[in-house]
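K.L.:
So here's structure.txt, just compact mmCIF, C-alpha atoms:
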```txt
# COMPACT_ATOMS: atom_id res chain seq x y z
CA MET K 1 78.06 -2.87 28.42
CA PRO K 2 77.29 -4.95 31.53
CA ILE K 3 76.04 -8.49 31.04
CA GLU K 4 72.79 -9.52 32.71
CA ILE K 5 71.42 -13.01 33.34
CA ILE K 6 67.60 -13.20 33.45
CA PRO K 7 65.83 -16.49 34.30
CA ALA K 8 62.88 -17.34 32.03
CA ILE K 9 59.77 -18.95 33.50
CA ILE K 10 57.07 -20.96 31.74
CA ALA K 11 54.10 -21.69 34.00
CA LYS K 12 50.69 -23.24 33.47
CA ASN K 13 49.08 -21.48 36.44
CA PHE K 14 49.72 -18.70 38.95
CA THR K 15 50.77 -21.09 41.71
CA GLY K 16 53.44 -22.60 39.47
CA LEU K 17 54.60 -19.14 38.46
CA LYS K 18 55.10 -18.04 42.06
CA GLU K 19 56.92 -21.27 42.95
CA LYS K 20 59.40 -20.79 40.12
CA ILE K 21 59.96 -17.11 40.88
CA LYS K 22 60.66 -18.00 44.51
CA LYS K 23 63.42 -20.38 43.38
CA VAL K 24 65.38 -17.69 41.56
CA GLU K 25 64.52 -14.39 43.25
CA PRO K 26 67.38 -14.46 45.80
CA TYR K 27 69.95 -14.49 42.98
CA VAL K 28 68.71 -12.08 40.28
CA LYS K 29 67.11 -8.65 39.82
CA TRP K 30 64.76 -9.55 36.97
CA VAL K 31 62.61 -12.52 36.03
CA HIS K 32 61.32 -13.11 32.50
CA ILE K 33 57.77 -14.53 32.24
CA ASP K 34 56.92 -16.33 29.00
CA VAL K 35 53.30 -15.61 28.08
CA MET K 36 51.84 -17.71 25.24
CA ASP K 37 48.34 -17.60 23.77
CA GLY K 38 48.22 -20.87 21.82
CA ASN K 39 47.80 -18.81 18.67
CA PHE K 40 51.00 -16.94 17.88
CA VAL K 41 52.90 -19.96 19.22
CA PRO K 42 51.62 -23.56 19.54
CA ASN K 43 51.59 -23.54 23.32
CA PHE K 44 49.40 -22.00 26.01
CA THR K 45 50.69 -20.76 29.37
CA TRP K 46 49.44 -18.83 32.37
CA ASN K 47 48.01 -15.62 30.97
CA LYS K 48 46.13 -13.76 33.72
CA PRO K 49 47.87 -10.47 34.51
CA GLU K 50 45.17 -9.49 37.00
CA GLU K 51 46.52 -12.14 39.38
CA LEU K 52 49.76 -10.17 39.67
CA LYS K 53 48.15 -7.04 41.12
CA TYR K 54 48.46 -8.15 44.74
CA TYR K 55 51.65 -10.14 44.30
CA ASP K 56 54.90 -8.54 45.45
CA PRO K 57 57.92 -10.67 44.48
CA GLY K 58 61.45 -9.74 45.41
CA VAL K 59 62.36 -9.09 41.78
CA PHE K 60 61.26 -6.98 38.84
CA LEU K 61 59.12 -8.80 36.29
CA GLU K 62 59.22 -8.61 32.51
CA ALA K 63 56.52 -10.17 30.34
CA HIS K 64 57.53 -11.78 27.06
CA LEU K 65 54.25 -11.57 25.17
CA MET K 66 54.22 -14.36 22.62
CA ILE K 67 50.67 -13.39 21.69
CA ARG K 68 48.97 -11.93 18.64
CA GLU K 69 48.01 -8.26 18.65
CA PRO K 70 49.91 -7.39 21.83
CA GLU K 71 48.70 -3.80 21.51
CA LYS K 72 45.31 -5.03 22.79
CA TYR K 73 46.73 -6.51 25.98
CA VAL K 74 49.84 -4.56 26.91
CA GLU K 75 47.91 -2.14 29.16
CA ASP K 76 46.63 -5.06 31.24
CA TRP K 77 50.16 -6.25 31.94
CA ILE K 78 51.37 -2.78 32.81
CA GLU K 79 48.41 -2.29 35.17
CA ALA K 80 49.38 -5.57 36.84
CA GLY K 81 52.83 -4.20 37.71
CA ILE K 82 55.02 -5.55 34.92
CA LYS K 83 58.10 -3.32 34.58
CA ARG K 84 59.21 -4.37 31.08
CA ILE K 85 57.23 -5.56 28.08
CA ILE K 86 58.75 -7.65 25.28
CA PHE K 87 56.59 -8.19 22.20
CA HIS K 88 57.18 -9.89 18.85
CA ILE K 89 57.58 -7.87 15.67
CA GLU K 90 55.80 -10.70 13.83
CA ALA K 91 52.74 -10.55 16.10
CA THR K 92 51.58 -6.99 15.44
CA SER K 93 50.84 -4.72 12.51
CA ASP K 94 51.45 -1.66 14.70
CA PRO K 95 54.66 -2.08 16.72
CA LYS K 96 54.99 1.67 17.26
CA ARG K 97 51.69 1.66 19.11
CA VAL K 98 52.97 -0.96 21.54
CA ILE K 99 56.13 1.04 22.15
CA LYS K 100 54.19 4.28 22.52
CA ILE K 101 51.91 2.76 25.17
CA CYS K 102 54.94 1.56 27.14
CA ARG K 103 56.65 4.94 26.83
CA GLU K 104 53.57 6.79 28.08
CA ARG K 105 53.31 4.43 31.05
CA LYS K 106 57.03 4.69 31.88
CA VAL K 107 57.63 0.99 31.25
CA GLU K 108 60.63 -0.37 29.38
CA VAL K 109 60.00 -2.20 26.13
CA GLY K 110 61.82 -4.72 23.99
CA VAL K 111 61.07 -6.13 20.57
CA ALA K 112 61.67 -9.84 19.92
CA ILE K 113 62.49 -11.29 16.52
CA ASN K 114 62.17 -14.92 15.39
CA PRO K 115 64.91 -16.84 13.54
CA VAL K 116 63.11 -16.79 10.17
CA THR K 117 62.38 -13.06 10.29
CA PRO K 118 64.86 -10.81 8.45
CA LEU K 119 66.59 -8.30 10.69
CA ASN K 120 65.40 -5.46 8.47
CA ALA K 121 61.90 -6.10 9.87
CA ILE K 122 62.93 -4.12 12.94
CA GLU K 123 65.13 -1.61 11.12
CA ASP K 124 62.47 1.10 11.15
CA LEU K 125 62.32 0.94 14.95
CA ILE K 126 66.03 0.88 15.69
CA LYS K 127 67.65 2.65 12.74
CA THR K 128 68.44 5.55 15.05
CA GLY K 129 70.28 3.15 17.32
CA TRP K 130 72.03 5.96 19.17
CA ALA K 131 68.60 7.10 20.43
CA CYS K 132 67.58 3.65 21.68
CA PRO K 133 68.75 3.65 25.29
CA PRO K 134 69.91 0.68 27.34
CA PHE K 135 67.78 -0.50 30.23
CA GLY K 136 67.12 2.12 32.86
CA LYS K 137 67.51 5.17 30.62
CA GLU K 138 65.00 7.37 28.85
CA PRO K 139 64.79 7.22 25.03
CA GLU K 140 65.33 10.16 22.73
CA GLY K 141 63.12 8.62 20.06
CA PRO K 142 59.42 7.96 20.82
CA TYR K 143 59.33 4.59 19.07
CA CYS K 144 62.71 3.23 20.03
CA PRO K 145 62.82 -0.02 22.05
CA ASN K 146 65.13 -0.50 25.01
CA MET K 147 66.17 -3.90 23.69
CA VAL K 148 66.07 -6.31 20.80
CA LEU K 149 65.57 -9.93 21.90
CA VAL K 150 66.99 -12.35 19.35
CA MET K 151 65.25 -15.72 19.46
CA ALA K 152 67.74 -18.54 18.93
CA ASN K 153 65.05 -21.01 17.84
CA THR K 154 61.33 -20.97 17.09
CA PRO K 155 59.60 -19.92 20.34
CA GLY K 156 56.83 -21.84 22.05
CA PHE K 157 58.49 -24.53 24.15
CA GLY K 158 61.27 -24.74 26.69
CA GLY K 159 64.38 -26.87 26.34
CA GLN K 160 65.05 -26.19 22.66
CA GLU K 161 68.53 -26.13 21.15
CA PHE K 162 70.43 -22.98 20.28
CA LYS K 163 70.77 -22.42 16.52
CA PRO K 164 74.40 -21.43 15.74
CA GLU K 165 73.33 -19.08 12.94
CA THR K 166 71.91 -16.84 15.67
CA LEU K 167 75.45 -15.67 16.36
CA GLU K 168 75.70 -13.96 12.98
CA ARG K 169 72.42 -12.16 13.61
CA ILE K 170 73.73 -10.86 16.92
CA LYS K 171 77.02 -9.76 15.32
CA THR K 172 75.14 -7.90 12.60
CA LEU K 173 72.96 -6.06 15.10
CA ARG K 174 75.90 -5.14 17.30
CA GLY K 175 77.84 -3.84 14.32
CA LEU K 176 74.94 -1.66 13.19
CA TYR K 177 73.84 -0.45 16.62
CA PRO K 178 76.77 -0.34 19.07
CA HIS K 179 74.74 1.11 21.95
CA LEU K 180 71.67 -1.10 21.68
CA THR K 181 70.85 -3.64 24.37
CA ILE K 182 70.78 -7.03 22.64
CA GLY K 183 69.30 -10.06 24.36
CA VAL K 184 69.25 -13.68 23.28
CA ASP K 185 66.73 -16.32 24.32
CA ILE K 186 66.44 -20.13 23.88
CA GLY K 187 69.14 -22.74 24.34
CA MET K 188 71.25 -20.75 26.77
CA ASN K 189 73.87 -22.63 28.77
CA PRO K 190 77.43 -21.67 29.76
CA LYS K 191 78.80 -22.56 26.33
CA THR K 192 76.15 -20.86 24.19
CA ALA K 193 75.88 -17.87 26.52
CA LYS K 194 79.62 -17.28 26.16
CA GLN K 195 79.31 -17.47 22.37
CA ALA K 196 76.36 -15.08 22.39
CA VAL K 197 78.21 -12.54 24.55
CA GLU K 198 81.29 -12.76 22.33
CA ALA K 199 79.01 -12.08 19.35
CA GLY K 200 77.65 -8.95 21.01
CA ALA K 201 74.73 -9.90 23.27
CA ASN K 202 74.57 -8.35 26.71
CA VAL K 203 71.37 -9.94 28.08
CA ILE K 204 71.11 -13.72 28.46
CA VAL K 205 67.61 -15.13 28.98
CA ALA K 206 67.88 -18.69 30.26
CA GLY K 207 65.02 -20.98 31.23
CA SER K 208 65.59 -24.73 31.27
CA TYR K 209 69.27 -24.54 32.20
CA ILE K 210 68.41 -22.65 35.39
CA LEU K 211 65.00 -24.00 36.40
CA ASN K 212 65.81 -27.66 35.66
CA SER K 213 69.03 -27.50 37.63
CA ASP K 214 69.39 -29.21 41.00
CA ASP K 215 71.13 -26.07 42.23
CA VAL K 216 69.58 -22.89 40.82
CA GLU K 217 72.14 -20.58 42.42
CA GLN K 218 75.05 -22.56 40.98
CA ALA K 219 73.45 -22.60 37.51
CA ILE K 220 73.10 -18.82 37.54
CA GLU K 221 76.69 -18.42 38.72
CA GLU K 222 77.93 -20.72 35.95
CA LEU K 223 76.16 -18.55 33.40
CA LYS K 224 77.65 -15.41 34.93
CA LYS K 225 81.14 -16.86 34.66
```
Mind turning this structure into structure tokens?

P.N.:
Amino acid sequence: MPIEIIPAIIAKNFTGLKEKIKKVEPYVKWVHIDVMDGNFVPNFTWNKPEELKYYDPGVFLEAHLMIREPEKYVEDWIEAGIKRIIFHIEATSDPKRVIKICRERKVEVGVAINPVTPLNAIEDLIKTGWACPPFGKEPEGPYCPNMVLVMANTPGFGGQEFKPETLERIKTLRGLYPHLTIGVDIGMNPKTAKQAVEAGANVIVAGSYILNSDDVEQAIEELKK
């Protein structure tokens, strides 16, 4: 499976969001926007999807909804032009509803899982792993995500360290579901990204390593290598 590098952006306002997207858009196809509500995670970020409606960046945008009850808000993000939704299994009592909304609106969907959450929490969604398509392909199952995003530390803040035990979680998922797209987020740098890919990940979501670099293009290329 091809490996994809996706920059992650944390912004406090729409101006900051656009500035950060502009830094990376010449070098990638997708940008990952971290959306936090101050409730599900102890941080609050820009969270106004309506501001995206008249914004046309040179990349596709995915929204990582670190918010409670994402089923109440996912339509707003889709209406704003988001092409991929990622929600947390821990944040909703009805994950199938979130996936169903995305399917009906022809938007890709991923489910994120925190380090303390057992992998069997998402088993019901991905047990028919052969039916869960990689990015860009239609699913055969109505409630199957396009991706599982494995969080390598507790989400909420940028610049956190990668927890090595994440590698075993990735290996387990890859062994169970050979065709599933598996992403990993938090603590990504050339060393940890290489370890994650060797464990079975094929999407690397990297924030601080890219955005805090003096040379964004070089940082992305180092991750690709």

K.L.:
Taking 4 positions as the minimum chain separation for residues in the same chain, which residues sit within 9 Å of Arg84 (chain K) when counting only C-alpha atoms? Answer as a ChimeraX atom specification.

P.N.:
/K:60-64,78,102,107-110

K.L.:
List as a list of chain:residue names the protein and nucleic acid residues near Asp94 (chain K), meaning an atom at most 12 Å away when all atoms listed in the file are counted, but skip any in the same chain fewer than 5 places from it.

P.N.:
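Within the cut-off, the hits are K:Arg68, K:Glu69, K:Pro70, K:Glu71, K:Lys72, K:Phe87, K:His88, K:Ile89, K:Ile99, K:Lys100, K:Ile101, K:Ile122, K:Asp124, K:Leu125, K:Tyr143.
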
K.L.:
Excluding Phe44 (chain K) and residues on its chain fewer than 4 positions from it, collect all residues at most 12 Å away from it, counting only C-alpha atoms, and give them as number ranges by chain.

P.N.:
K: 10-13, 34-40, 48, 65-67, 155-157

K.L.:
Restricting it to C-alpha atoms, dump the selection as a short mmCIF file (atom, residue, chain, number, x, y, z; two decimals), in the coordinates of the input.

P.N.:
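result-v1.cif, freshly written:
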```
data_model
loop_
_atom_site.label_atom_id
_atom_site.label_comp_id
_atom_site.auth_asym_id
_atom_site.auth_seq_id
_atom_site.Cartn_x
_atom_site.Cartn_y
_atom_site.Cartn_z
CA ILE K 10 57.07 -20.96 31.74
CA ALA K 11 54.10 -21.69 34.00
CA LYS K 12 50.69 -23.24 33.47
CA ASN K 13 49.08 -21.48 36.44
CA ASP K 34 56.92 -16.33 29.00
CA VAL K 35 53.30 -15.61 28.08
CA MET K 36 51.84 -17.71 25.24
CA ASP K 37 48.34 -17.60 23.77
CA GLY K 38 48.22 -20.87 21.82
CA ASN K 39 47.80 -18.81 18.67
CA PHE K 40 51.00 -16.94 17.88
CA LYS K 48 46.13 -13.76 33.72
CA LEU K 65 54.25 -11.57 25.17
CA MET K 66 54.22 -14.36 22.62
CA ILE K 67 50.67 -13.39 21.69
CA PRO K 155 59.60 -19.92 20.34
CA GLY K 156 56.83 -21.84 22.05
CA PHE K 157 58.49 -24.53 24.15
#
```

K.L.:
Which residues of region 4-106 of chain K have any atom within 10 Å of an atom in region 169-192 of chain K when counting all atoms listed in the file, and what is the closest pair of atoms for each, with the distance in Å to one decimal? Order the rows by chain and rising number and write it as CSV.

P.N.:
```
residue,atom,partner,partner_atom,distance
K:Glu4,CA,K:Gly183,CA,9.1
K:Ile5,CA,K:Gly183,CA,9.7
K:Ile6,CA,K:Asp185,CA,9.7
K:Ala8,CA,K:Asp185,CA,8.7
```

K.L.:
For C-alpha atoms, I'd like the residues from the last selection saved as an mmCIF file, in the coordinates of the input.

P.N.:
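Dumped to result.cif:
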```cif
data_model
loop_
_atom_site.group_PDB
_atom_site.id
_atom_site.type_symbol
_atom_site.label_atom_id
_atom_site.label_comp_id
_atom_site.auth_asym_id
_atom_site.auth_seq_id
_atom_site.Cartn_x
_atom_site.Cartn_y
_atom_site.Cartn_z
ATOM 1 C CA GLU K 4 72.790 -9.520 32.710
ATOM 2 C CA ILE K 5 71.420 -13.010 33.340
ATOM 3 C CA ILE K 6 67.600 -13.200 33.450
ATOM 4 C CA ALA K 8 62.880 -17.340 32.030
#
```

K.L.:
Please determine, counting only C-alpha atoms, which residue among K:Ile82, K:Val59, K:Val148, K:Val41 has the shortest atom-to-atom distance to Lys106 (chain K).

P.N.:
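Answer, going by the shortest atom-to-atom distance: K:Ile82.
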
K.L.:
Find the residue from K:Thr166, K:Glu222, K:Pro2, K:Met151 that sits nearest to Ala196 (chain K); use only C-alpha atoms when measuring.

P.N.:
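Answer, going by the shortest atom-to-atom distance: K:Thr166.
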
K.L.:
Counting all atoms listed in the file, note down every residue that has an atom within 6 Å of the point (59.9, -9.6, 11.1) (file coordinates), as a count of residues only.

P.N.:
5

K.L.:
Need the shell around Asn212 (chain K): protein/DNA/RNA residues with any atom at most 12 Å away, counting only C-alpha atoms. Skip same-chain ones fewer than 2 positions apart. Format as a list of chain:residue names?

P.N.:
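Contacts, with the query itself left out: K:Pro7, K:Ala8, K:Ile9, K:Ile10, K:Lys20, K:Lys23, K:Val24, K:Gly158, K:Gly159, K:Asn189, K:Ala206, K:Gly207, K:Ser208, K:Tyr209, K:Ile210, K:Asp214, K:Asp215, K:Val216, K:Glu217, K:Gln218, K:Ala219, K:Ile220.
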
K.L.:
Ranking K:Val31, K:Leu149, K:Ile85, K:Met1 by minimum distance to Arg105 (chain K) and counting all atoms listed in the file, which one comes first?

P.N.:
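Checking each candidate against Arg105 (chain K), we get K:Ile85 as the closest.
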
K.L.:
Determine the nearest neighbour of Gln195 (chain K) from the options K:Leu211, K:Leu167, K:Ile126, K:Leu119, counting only C-alpha atoms.

P.N.:
K:Leu167

K.L.:
Report, in Å to a single decimal, how far apart CA of Lys225 (chain K) and CA of Asn153 (chain K) are.

P.N.:
23.6 Å

K.L.:
Figure out the distance between CA of Ile3 (chain K) and CA of Ala201 (chain K), please, to one decimal in Å.

P.N.:
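Interatomic distance here is 8.0 Å.
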
K.L.:
By how many Å are CA of Val203 (chain K) and CA of Gly58 (chain K) apart?

P.N.:
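Answer for the CA of Val203 (chain K) to CA of Gly58 (chain K) separation: 20.0 Å.
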